[in-house]
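**Student:** Before we start, here is the structure in question, set down as structure tokens.
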Amino acid sequence: MHDSLRLRAVQSPIIPVVADLIRAHPGTISLGQGVVHYGPPPAALTALASFLAEPAQHKYQAVAGIPALVAALEQKHAAENGVAIGNAHGNRLMVTAGGNQAFLNAVLAIADPGDEVILPTPYYFNHEMAITMANCRPVLVPTDANHQLDLPALAAAITPRTRAILTVSPNNPTGAVYPAAALRVVNALCATHGLFHLHDEAYEYFTYDGATHFSPASIPGAAAHTISLHSLSKSYGFASWRIGWMIYPASLEAALRKIQDTVIICPPVISQHAAVGALTAGSAYVREGVRAIAEVRTIVQAALAPLAADGLCEIPPAEGAFYFFLRVRSSERPLALVERLVREHRVAVIPGDAFGVTGGCPLRVAYGALAKDTVAEGIGRFATGLRALLK
């Protein structure tokens with residue numbers, strides 16, 4: 001008796017590993033998991049009354065999402081992303097149990113065992129895990145020194161087995177924001193080669209220093225080959241409610257309904273009602289949270305800058321999400337360095353090799369979960385600890 005050989009090829013998720021370290025060392029401040037410090041708007045909780053008032057809500061609901069939420073998301077995309085959704089536009093919208101499920105749905109719908117999906121590195125580890133879990137092959141293409149897309153390298157990575165190119169912007173784990181011009185090139189490359197452009201936009205509101213977010217699905221003619229992945233987890237403080245969604249070509253409708261019905265039947269209905277309420281609060285609520293995170297980001301930048309100035313690490317530009325992806329000048333393995341930071345300095349970050357980076361000692365520092373009154377202590381411990389461990 002043994003477990004699946006397929007699953008043996010899938011890396012273990014690093015977040016639970018670091019969480020166990022934190023629990024074993026009380027008082028540790030986490031700069032690890034990517035969550036925001038705020039919760040859902042009050043309107044999300046108020047909306048639960050409509051769920052509780054109707055006993056029929058406890059039964060299964062529509063496979064693609066309750067009509068009220070689907071309609072609210074379609075309106076959001078028309079107003080904020082320049083993306084029209086519906087039969088007339090050749091695309092559809094499906095609500096999922098978070099952005100991770102949306103990505104797995106997409107991979108299962110478009111790829112067969114042995115097919116390839118191109119991933120710029122550093123990648124979000126759950127994306128790589130899902131591709132491997134589906135018996136497909138992630139093709140890793142490094143980004144440049146600033147974690148921007150290497151467009152010629154992406155084109156050169158295409159083979160007859162390629163099914164899609166994945167982009168994530170604003171990016172987890174690097175915080176890079178890809179310019180609209182670069183995303184247009186990727187989208188056109190996919191159209192030319194008959195590939196899908198998978199684009200993860202979970203951090204669409206989290207941009208700073210004049211950077212702007214762009215949705216490739218807004219490109220004229222892109223609906224037939226573009227799959228957009230979204231989530232309320234970060235933007236509306238909805239992580240545990242598990243609400244995401246995907247916008248996809250109408251040609252994938254039958255396949256995605258089969259997958260959705262098999263995996264989850266329908267997204268959690270109580271969470272969908274809360275999501276309808278959250279969307280009535282609108283992006284103004286999100287932008288208030290982003291402003292607070294931007295203030296935290298400034299504190300983190302000020303604490304990290306001396307480390308870079310003293311040659312202890314490199315800190316590429318990060319104009320989005322709530323991460324900095326450091327290249328630490330150390331011969332130590334990233335996880336070993338993380339373990340020492342937790343044990344000796346009570347601060348936790350994520351080892352960067354979990355994101356597909358080989359060589360060196362990369363670390364991901366996340367700052368979205370911290371309020372201003374705790375971030376100074378947390379990033380101070382990190383800076384002090386790194387200096388002590390690298391001397």
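Starting from 1 in every chain, residues are counted up; chains themselves are A, B, ... following the order of the structure tokens, and ligands are numbered from 1 as listed.
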With a distance cut-off of 12 Å and only C-alpha atoms, select the neighbouring residues of Leu5 (chain A), excluding the residue or stretch itself and same-chain residues fewer than 4 positions from it, and output the selection as a ChimeraX atom specification.
**Tutor:** /A:1,9-10,132-133,135
**Student:** If you run DSSP on the backbone here, which positions in region 108-355 of chain A get alpha helix (DSSP H)? Please write them as an MDAnalysis selection string.
**Tutor:** chainID A and resid 108:110 125:133 151:156 180:193 253:263 269:281 283:309 334:345
**Student:** Mind checking DSSP for region 70-194 of chain A and telling me the strand (DSSP E) residues as a list in words?
**Tutor:**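 Across region 70-194 of chain A, those assigned strand (DSSP E) are Asn91, Arg92, Leu93, Met94, Val95, Thr96, Glu116, Val117, Ile118, Leu119, Pro120, Thr121, Arg137, Pro138, Val139, Leu140, Val141, Pro142, Thr162, Arg163, Ala164, Ile165, Leu166, Thr167 and Val168 of chain A.
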**Student:** Selected residues, C-alpha atoms, written as a PDB file, in the first residue's frame, please.
**Tutor:**
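New file out_15.pdb:
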ATOM      1  CA  ASN A  91     -17.057  34.489 -22.275  1.00  0.00           C
ATOM      2  CA  ARG A  92     -18.526  33.364 -18.961  1.00  0.00           C
ATOM      3  CA  LEU A  93     -17.987  33.878 -15.227  1.00  0.00           C
ATOM      4  CA  MET A  94     -17.879  31.105 -12.616  1.00  0.00           C
ATOM      5  CA  VAL A  95     -17.623  31.610  -8.844  1.00  0.00           C
ATOM      6  CA  THR A  96     -15.175  29.233  -7.123  1.00  0.00           C
ATOM      7  CA  GLU A 116       2.917  22.046 -20.444  1.00  0.00           C
ATOM      8  CA  VAL A 117       2.101  25.338 -18.752  1.00  0.00           C
ATOM      9  CA  ILE A 118       4.735  28.090 -18.856  1.00  0.00           C
ATOM     10  CA  LEU A 119       5.390  29.716 -15.474  1.00  0.00           C
ATOM     11  CA  PRO A 120       7.581  32.796 -15.023  1.00  0.00           C
ATOM     12  CA  THR A 121       9.735  32.382 -11.919  1.00  0.00           C
ATOM     13  CA  ARG A 137       4.572  19.820 -16.623  1.00  0.00           C
ATOM     14  CA  PRO A 138       5.404  23.314 -15.391  1.00  0.00           C
ATOM     15  CA  VAL A 139       7.937  24.943 -17.724  1.00  0.00           C
ATOM     16  CA  LEU A 140       9.882  27.489 -15.689  1.00  0.00           C
ATOM     17  CA  VAL A 141      11.071  30.699 -17.344  1.00  0.00           C
ATOM     18  CA  PRO A 142      13.106  33.114 -15.177  1.00  0.00           C
ATOM     19  CA  THR A 162       2.355  23.983 -24.444  1.00  0.00           C
ATOM     20  CA  ARG A 163      -1.237  24.765 -23.487  1.00  0.00           C
ATOM     21  CA  ALA A 164      -0.938  28.066 -21.630  1.00  0.00           C
ATOM     22  CA  ILE A 165       1.264  30.856 -20.346  1.00  0.00           C
ATOM     23  CA  LEU A 166       0.568  32.034 -16.796  1.00  0.00           C
ATOM     24  CA  THR A 167       1.091  35.588 -15.591  1.00  0.00           C
ATOM     25  CA  VAL A 168       0.437  36.954 -12.089  1.00  0.00           C
TER      26      VAL A 168
END
**Student:** Using only C-alpha atoms for the distances, tell me which of A:Leu151, A:Leu52, A:Ala275, A:Ala106 is nearest to Ala255 (chain A).
**Tutor:**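 Selected residue with least distance to Ala255 (chain A): A:Ala106.
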**Student:** One decimal, in Å: what's the spacing between CA of Ser330 (chain A) and CA of Gly311 (chain A)?
**Tutor:** 11.0 Å
**Student:** Just the residues within 10 Å of Cys266 (chain A), please, counting only C-alpha atoms, with nothing from its chain fewer than 2 positions along; format it as an mmCIF file with C-alpha atoms, in the first residue's frame.
**Tutor:**
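The resulting file, out.cif, is shown below:
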data_model
loop_
_atom_site.group_PDB
_atom_site.id
_atom_site.type_symbol
_atom_site.label_atom_id
_atom_site.label_comp_id
_atom_site.auth_asym_id
_atom_site.auth_seq_id
_atom_site.Cartn_x
_atom_site.Cartn_y
_atom_site.Cartn_z
ATOM 1 C CA TYR A 60 -27.276 23.140 -3.268
ATOM 2 C CA GLN A 61 -27.369 26.234 -5.455
ATOM 3 C CA ALA A 62 -26.281 27.073 -9.008
ATOM 4 C CA VAL A 63 -23.014 25.421 -10.038
ATOM 5 C CA ALA A 64 -21.483 28.674 -11.329
ATOM 6 C CA GLY A 65 -22.613 30.871 -8.429
ATOM 7 C CA ILE A 66 -25.794 32.481 -7.165
ATOM 8 C CA MET A 94 -17.879 31.105 -12.616
ATOM 9 C CA VAL A 95 -17.623 31.610 -8.844
ATOM 10 C CA THR A 96 -15.175 29.233 -7.123
ATOM 11 C CA ALA A 97 -13.992 28.379 -3.620
ATOM 12 C CA ARG A 257 -19.195 22.692 -15.310
ATOM 13 C CA GLN A 260 -17.033 22.347 -10.710
ATOM 14 C CA ASP A 261 -19.833 19.860 -10.093
ATOM 15 C CA THR A 262 -17.332 17.101 -9.282
ATOM 16 C CA VAL A 263 -15.029 19.119 -7.032
ATOM 17 C CA ILE A 264 -17.447 21.279 -5.060
ATOM 18 C CA PRO A 268 -20.252 27.901 -0.352
ATOM 19 C CA VAL A 269 -23.605 29.658 -0.522
#
**Student:** Which neighbours of region 67-74 of chain A fall inside 12 Å, counting only C-alpha atoms, when residues of the same chain fewer than 3 positions from it are skipped, and could you give them as a count of residues only?
**Tutor:** 46
**Student:** Considering only C-alpha atoms, tabulate each residue of region 17-67 of chain A that lies at most 12 Å from region 335-338 of chain A along with its nearest interatomic pair and the corresponding distance in Å to one decimal; arrange the rows by chain and ascending residue number and present them as CSV.
**Tutor:**
residue,atom,partner,partner_atom,distance
A:Val17,CA,A:Leu335,CA,9.8
A:Val18,CA,A:Val338,CA,8.3
A:Ala19,CA,A:Val338,CA,11.6
A:Leu21,CA,A:Val338,CA,9.4
A:Ile22,CA,A:Val338,CA,10.6
A:Thr28,CA,A:Val338,CA,11.9
A:Ser30,CA,A:Val338,CA,11.2
A:Leu31,CA,A:Val338,CA,10.8
A:Gly32,CA,A:Val338,CA,10.1
**Student:** Convert the current residue selection to file output with C-alpha atoms, as a PDB file, in the first residue's frame.
**Tutor:**
ATOM      1  CA  VAL A  17       5.825  24.320   7.655  1.00  0.00           C
ATOM      2  CA  VAL A  18       6.568  27.890   8.726  1.00  0.00           C
ATOM      3  CA  ALA A  19       3.289  28.034  10.706  1.00  0.00           C
ATOM      4  CA  LEU A  21       7.724  26.821  13.460  1.00  0.00           C
ATOM      5  CA  ILE A  22       5.812  29.878  14.654  1.00  0.00           C
ATOM      6  CA  THR A  28       7.116  35.094  16.983  1.00  0.00           C
ATOM      7  CA  SER A  30       4.964  36.527  11.259  1.00  0.00           C
ATOM      8  CA  LEU A  31       6.078  38.232   8.069  1.00  0.00           C
ATOM      9  CA  GLY A  32       5.115  35.017   6.319  1.00  0.00           C
TER      10      GLY A  32
END
